[in-house]
Structures are given as structure tokens and as C-alpha cells.
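Enquirer: The structure is given below, and queries will be raised subsequently.
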Amino acid sequence: QVQLVESGGGLVQAGDSLRLSCAASGRPSSSYSMGWFRQAPGQERKFVAAISWSGGSPYYADSVKGRFTISRDNAKNTVYLQMNSLKPEDTAVYYCAAYYCSAYGCYSRFADDYADWGQGTQVAVSS
């Protein structure tokens, strides 16, 4: 099991940038893949981005492709989500989560595959 703590959320204007961080403890971050999800009021939790424990090309939801970048620093046990050109529709609570998989390059866009979750950080984008 891993403990995850998100930070970096806030209130910004459309077009601004934010960088979210997800600090992990309990196991080396190199032993699991990571994902970011978001949940807007009244909506289900949706996939945003994922990165494998082994590195390689990240995977993004179409709605954020080209604007968001997921990365990880295993030395710091931290995963980041750089969000550029933010839009009002990006407003949501953002969660990071750990996916325990062994295959090289593995990741998932399905929330049910993720075993451990952070508490979330609020991102609000005004128009």
C-alpha cells in the first residue's frame, strides 16, 4: 500500500497554468504506475493521464492532450501534472492514484484498476 498526497491546486483564470504534485510514501514509486483523474461536481471520476512505473510514453485523455503533461521523479517519490492553457471545463477535484502492475510499460485509464488514491486537490478555472 502507498499513501498519496496531492498539492498544487488553486483558483486560476482561463489560459493560466498550474502544476499539481502527488507525493508518495510507503513504497518506492518506481514499483507502481501512476494516474491522474478528476471529478467535477455531479460527474463521475474521469481519467486524465497515466505514466508507467517503467517510464516510456505517457497516456492522456483526448480532452487534455497537448495541454497537460504527466511526469515522475522516482528519486523524490513524486508524480507531477503540469497543466497549461487551462479552461473552465478543467475545473474539478484532481486525484492521483497508484496502479500495481508488473508488465513493462503498463498503465490504465480505468479507475477500478487503481488501488490507492490521494485525497484530491481542487482546481478551479474562471473564464
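In the C-alpha cells, chains take letters A, B, ... by order of appearance, with residues numbered from 1 within each chain and ligands from 1 in the order shown.
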May I have all residues of range 34-118 of chain A that DSSP, computed from the backbone, assigns to strand (DSSP E or B), given as a ChimeraX atom specification?
Expert: /A:34-39,46-51,59-60,68-73,78-83,92-99,116-117
Enquirer: Output N, CA, C and O atoms for every residue in the selection just made, as a compact mmCIF listing (two decimals), in the first residue's frame.
Expert:
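And here is the file that came out, result-v3.txt:
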# COMPACT_ATOMS: atom_id res chain seq x y z
N MET A 34 1.31 5.25 -12.24
CA MET A 34 0.52 6.31 -11.62
C MET A 34 -0.44 6.93 -12.61
O MET A 34 -0.17 7.01 -13.81
N GLY A 35 -1.56 7.38 -12.07
CA GLY A 35 -2.53 8.06 -12.90
C GLY A 35 -3.09 9.29 -12.21
O GLY A 35 -3.03 9.39 -10.98
N TRP A 36 -3.58 10.19 -13.03
CA TRP A 36 -4.34 11.35 -12.53
C TRP A 36 -5.76 11.23 -13.06
O TRP A 36 -5.98 10.93 -14.24
N PHE A 37 -6.70 11.49 -12.18
CA PHE A 37 -8.12 11.52 -12.52
C PHE A 37 -8.70 12.82 -12.01
O PHE A 37 -8.10 13.50 -11.17
N ARG A 38 -9.87 13.17 -12.50
CA ARG A 38 -10.54 14.35 -12.00
C ARG A 38 -12.04 14.10 -11.92
O ARG A 38 -12.60 13.29 -12.66
N GLN A 39 -12.65 14.84 -11.00
CA GLN A 39 -14.09 14.69 -10.80
C GLN A 39 -14.70 16.07 -10.60
O GLN A 39 -14.37 16.77 -9.64
N LYS A 46 -13.12 10.91 -13.88
CA LYS A 46 -12.66 10.66 -15.23
C LYS A 46 -11.14 10.62 -15.32
O LYS A 46 -10.44 11.34 -14.60
N PHE A 47 -10.65 9.81 -16.19
CA PHE A 47 -9.22 9.66 -16.43
C PHE A 47 -8.65 10.92 -17.06
O PHE A 47 -9.27 11.54 -17.93
N VAL A 48 -7.45 11.30 -16.62
CA VAL A 48 -6.75 12.45 -17.18
C VAL A 48 -5.44 12.03 -17.85
O VAL A 48 -5.20 12.32 -19.02
N ALA A 49 -4.59 11.35 -17.08
CA ALA A 49 -3.27 10.98 -17.61
C ALA A 49 -2.70 9.84 -16.79
O ALA A 49 -3.09 9.64 -15.63
N ALA A 50 -1.77 9.10 -17.40
CA ALA A 50 -1.12 8.00 -16.70
C ALA A 50 0.31 7.85 -17.18
O ALA A 50 0.64 8.20 -18.33
N ILE A 51 1.15 7.31 -16.29
CA ILE A 51 2.54 7.07 -16.63
C ILE A 51 2.96 5.77 -15.98
O ILE A 51 2.63 5.49 -14.83
N TYR A 59 0.20 8.49 -21.22
CA TYR A 59 -1.08 8.34 -21.90
C TYR A 59 -2.02 9.41 -21.39
O TYR A 59 -2.08 9.65 -20.18
N TYR A 60 -2.75 10.06 -22.32
CA TYR A 60 -3.60 11.18 -21.95
C TYR A 60 -5.02 11.01 -22.47
O TYR A 60 -5.24 10.42 -23.54
N PHE A 68 -1.70 19.13 -21.09
CA PHE A 68 -1.24 18.59 -19.81
C PHE A 68 -0.06 17.66 -20.05
O PHE A 68 0.02 16.97 -21.07
N THR A 69 0.83 17.62 -19.06
CA THR A 69 1.98 16.72 -19.11
C THR A 69 2.15 16.03 -17.77
O THR A 69 2.26 16.71 -16.74
N ILE A 70 2.18 14.72 -17.80
CA ILE A 70 2.44 13.95 -16.59
C ILE A 70 3.90 13.53 -16.58
O ILE A 70 4.47 13.19 -17.62
N SER A 71 4.50 13.58 -15.41
CA SER A 71 5.89 13.16 -15.28
C SER A 71 6.10 12.61 -13.88
O SER A 71 5.26 12.79 -13.01
N ARG A 72 7.22 11.95 -13.69
CA ARG A 72 7.50 11.40 -12.37
C ARG A 72 8.97 11.54 -12.05
O ARG A 72 9.82 11.47 -12.94
N ASP A 73 9.26 11.74 -10.78
CA ASP A 73 10.62 11.80 -10.28
C ASP A 73 10.71 10.72 -9.20
O ASP A 73 10.31 10.94 -8.06
N THR A 78 7.62 11.29 -6.36
CA THR A 78 6.62 12.30 -6.68
C THR A 78 6.23 12.21 -8.15
O THR A 78 7.09 12.00 -9.01
N VAL A 79 4.95 12.39 -8.40
CA VAL A 79 4.42 12.47 -9.75
C VAL A 79 3.81 13.85 -9.93
O VAL A 79 3.20 14.39 -9.00
N TYR A 80 3.98 14.39 -11.12
CA TYR A 80 3.51 15.75 -11.39
C TYR A 80 2.49 15.74 -12.52
O TYR A 80 2.50 14.86 -13.39
N LEU A 81 1.66 16.76 -12.50
CA LEU A 81 0.77 17.02 -13.63
C LEU A 81 0.87 18.50 -13.95
O LEU A 81 0.35 19.33 -13.21
N GLN A 82 1.58 18.79 -15.02
CA GLN A 82 1.70 20.17 -15.49
C GLN A 82 0.50 20.47 -16.37
O GLN A 82 0.28 19.77 -17.37
N MET A 83 -0.25 21.49 -16.00
CA MET A 83 -1.48 21.83 -16.73
C MET A 83 -1.33 23.23 -17.31
O MET A 83 -1.20 24.21 -16.57
N ALA A 92 -12.28 20.93 -11.45
CA ALA A 92 -12.59 19.63 -10.85
C ALA A 92 -11.69 19.42 -9.64
O ALA A 92 -10.73 20.17 -9.43
N VAL A 93 -11.99 18.37 -8.90
CA VAL A 93 -11.05 17.87 -7.91
C VAL A 93 -10.16 16.85 -8.63
O VAL A 93 -10.66 15.93 -9.29
N TYR A 94 -8.86 17.02 -8.47
CA TYR A 94 -7.90 16.16 -9.15
C TYR A 94 -7.32 15.17 -8.14
O TYR A 94 -6.88 15.56 -7.05
N TYR A 95 -7.28 13.91 -8.56
CA TYR A 95 -6.78 12.83 -7.71
C TYR A 95 -5.62 12.12 -8.40
O TYR A 95 -5.68 11.86 -9.60
N CYS A 96 -4.62 11.74 -7.63
CA CYS A 96 -3.62 10.83 -8.14
C CYS A 96 -3.88 9.45 -7.55
O CYS A 96 -4.50 9.32 -6.48
N ALA A 97 -3.43 8.44 -8.25
CA ALA A 97 -3.70 7.08 -7.84
C ALA A 97 -2.59 6.15 -8.30
O ALA A 97 -1.90 6.44 -9.30
N ALA A 98 -2.43 5.05 -7.58
CA ALA A 98 -1.38 4.07 -7.87
C ALA A 98 -1.99 2.80 -8.44
O ALA A 98 -2.98 2.28 -7.92
N TYR A 99 -1.35 2.31 -9.49
CA TYR A 99 -1.78 1.09 -10.17
C TYR A 99 -0.65 0.07 -10.08
O TYR A 99 0.44 0.31 -10.62
N ASP A 116 -4.79 2.54 -4.75
CA ASP A 116 -4.61 3.56 -3.72
C ASP A 116 -4.81 4.94 -4.33
O ASP A 116 -4.34 5.21 -5.43
N TRP A 117 -5.47 5.81 -3.55
CA TRP A 117 -5.84 7.14 -4.01
C TRP A 117 -5.45 8.21 -3.00
O TRP A 117 -5.44 7.94 -1.78
Enquirer: When you count only C-alpha atoms, which of these residues is closest to Ala103 in chain A: A:Gly9, A:Ser33, A:Gly120, A:Ala40?
Expert: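 Smallest separation from Ala103 in chain A among the options: A:Ser33.
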Enquirer: Out of A:Pro28, A:Gly118, A:Gly105, A:Pro88, which residue has the shortest atom-to-atom distance to Gln13 in chain A when counting only C-alpha atoms?
Expert: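 That would be A:Pro88, the residue with the smallest distance to Gln13 in chain A.
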Enquirer: So that I can check the surroundings of Asp16 in chain A, please list as a PyMOL selection string every protein, DNA and RNA residue that reaches within 10 Å of it, counting only C-alpha atoms and ignoring chain neighbours fewer than 5 positions away.
Expert: chain A and resi 11+83-87+125-126
Enquirer: Those same residues, written as a PDB file, in the first residue's frame with N, CA and C atoms?
Expert:
ATOM      1  N   LEU A  11      -7.183  28.426  -7.576  1.00  0.00           N
ATOM      2  CA  LEU A  11      -8.095  29.160  -8.458  1.00  0.00           C
ATOM      3  C   LEU A  11      -7.266  29.973  -9.436  1.00  0.00           C
ATOM      4  N   MET A  83      -0.252  21.495 -15.997  1.00  0.00           N
ATOM      5  CA  MET A  83      -1.476  21.835 -16.728  1.00  0.00           C
ATOM      6  C   MET A  83      -1.329  23.233 -17.314  1.00  0.00           C
ATOM      7  N   ASN A  84      -1.318  23.307 -18.618  1.00  0.00           N
ATOM      8  CA  ASN A  84      -1.197  24.577 -19.324  1.00  0.00           C
ATOM      9  C   ASN A  84      -2.491  24.886 -20.065  1.00  0.00           C
ATOM     10  N   SER A  85      -2.637  26.149 -20.439  1.00  0.00           N
ATOM     11  CA  SER A  85      -3.811  26.590 -21.210  1.00  0.00           C
ATOM     12  C   SER A  85      -5.099  26.087 -20.576  1.00  0.00           C
ATOM     13  N   LEU A  86      -5.226  26.311 -19.295  1.00  0.00           N
ATOM     14  CA  LEU A  86      -6.379  25.795 -18.569  1.00  0.00           C
ATOM     15  C   LEU A  86      -7.676  26.416 -19.061  1.00  0.00           C
ATOM     16  N   LYS A  87      -8.711  25.610 -19.027  1.00  0.00           N
ATOM     17  CA  LYS A  87     -10.034  26.024 -19.471  1.00  0.00           C
ATOM     18  C   LYS A  87     -11.023  25.867 -18.310  1.00  0.00           C
ATOM     19  N   VAL A 125     -11.030  26.963 -12.533  1.00  0.00           N
ATOM     20  CA  VAL A 125     -10.599  27.824 -13.628  1.00  0.00           C
ATOM     21  C   VAL A 125     -11.750  28.760 -13.973  1.00  0.00           C
ATOM     22  N   SER A 126     -11.509  30.032 -13.830  1.00  0.00           N
ATOM     23  CA  SER A 126     -12.548  31.011 -14.140  1.00  0.00           C
ATOM     24  C   SER A 126     -12.384  31.522 -15.560  1.00  0.00           C
TER      25      SER A 126
END
Enquirer: Taking the chain letters and numbering used in this document, name the residues of chain A that DSSP puts in helix (DSSP H, G or I), as a list in words.
Expert: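 Residues meeting the helix (DSSP H, G or I) criterion: Ser29, Ser30, Ser31, Pro88, Glu89, Asp90, Ala111, Asp112 and Asp113 of chain A.
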Enquirer: Determine the nearest neighbour of Tyr107 in chain A from the options A:Gly56, A:Gly8, A:Gln122, A:Glu89, counting only C-alpha atoms.
Expert: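 With only C-alpha atoms as the atom set, the closest residue is A:Gly56.
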Enquirer: Quick one: of A:Thr91, A:Asn74, A:Ser30, A:Ser127, who's nearest to Tyr104 in chain A, counting only C-alpha atoms?
Expert: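 Nearest candidate to Tyr104 in chain A out of A:Thr91, A:Asn74, A:Ser30, A:Ser127: A:Ser30.
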Enquirer: CA of Ser108 in chain A and CA of Leu20 in chain A are how many Å apart?
Expert: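 Between these atoms lies a distance of 19.6 Å.
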Enquirer: Using only C-alpha atoms, which of A:Phe110, A:Lys65, A:Ala115, A:Trp53 sits nearest Val2 in chain A?
Expert: A:Ala115
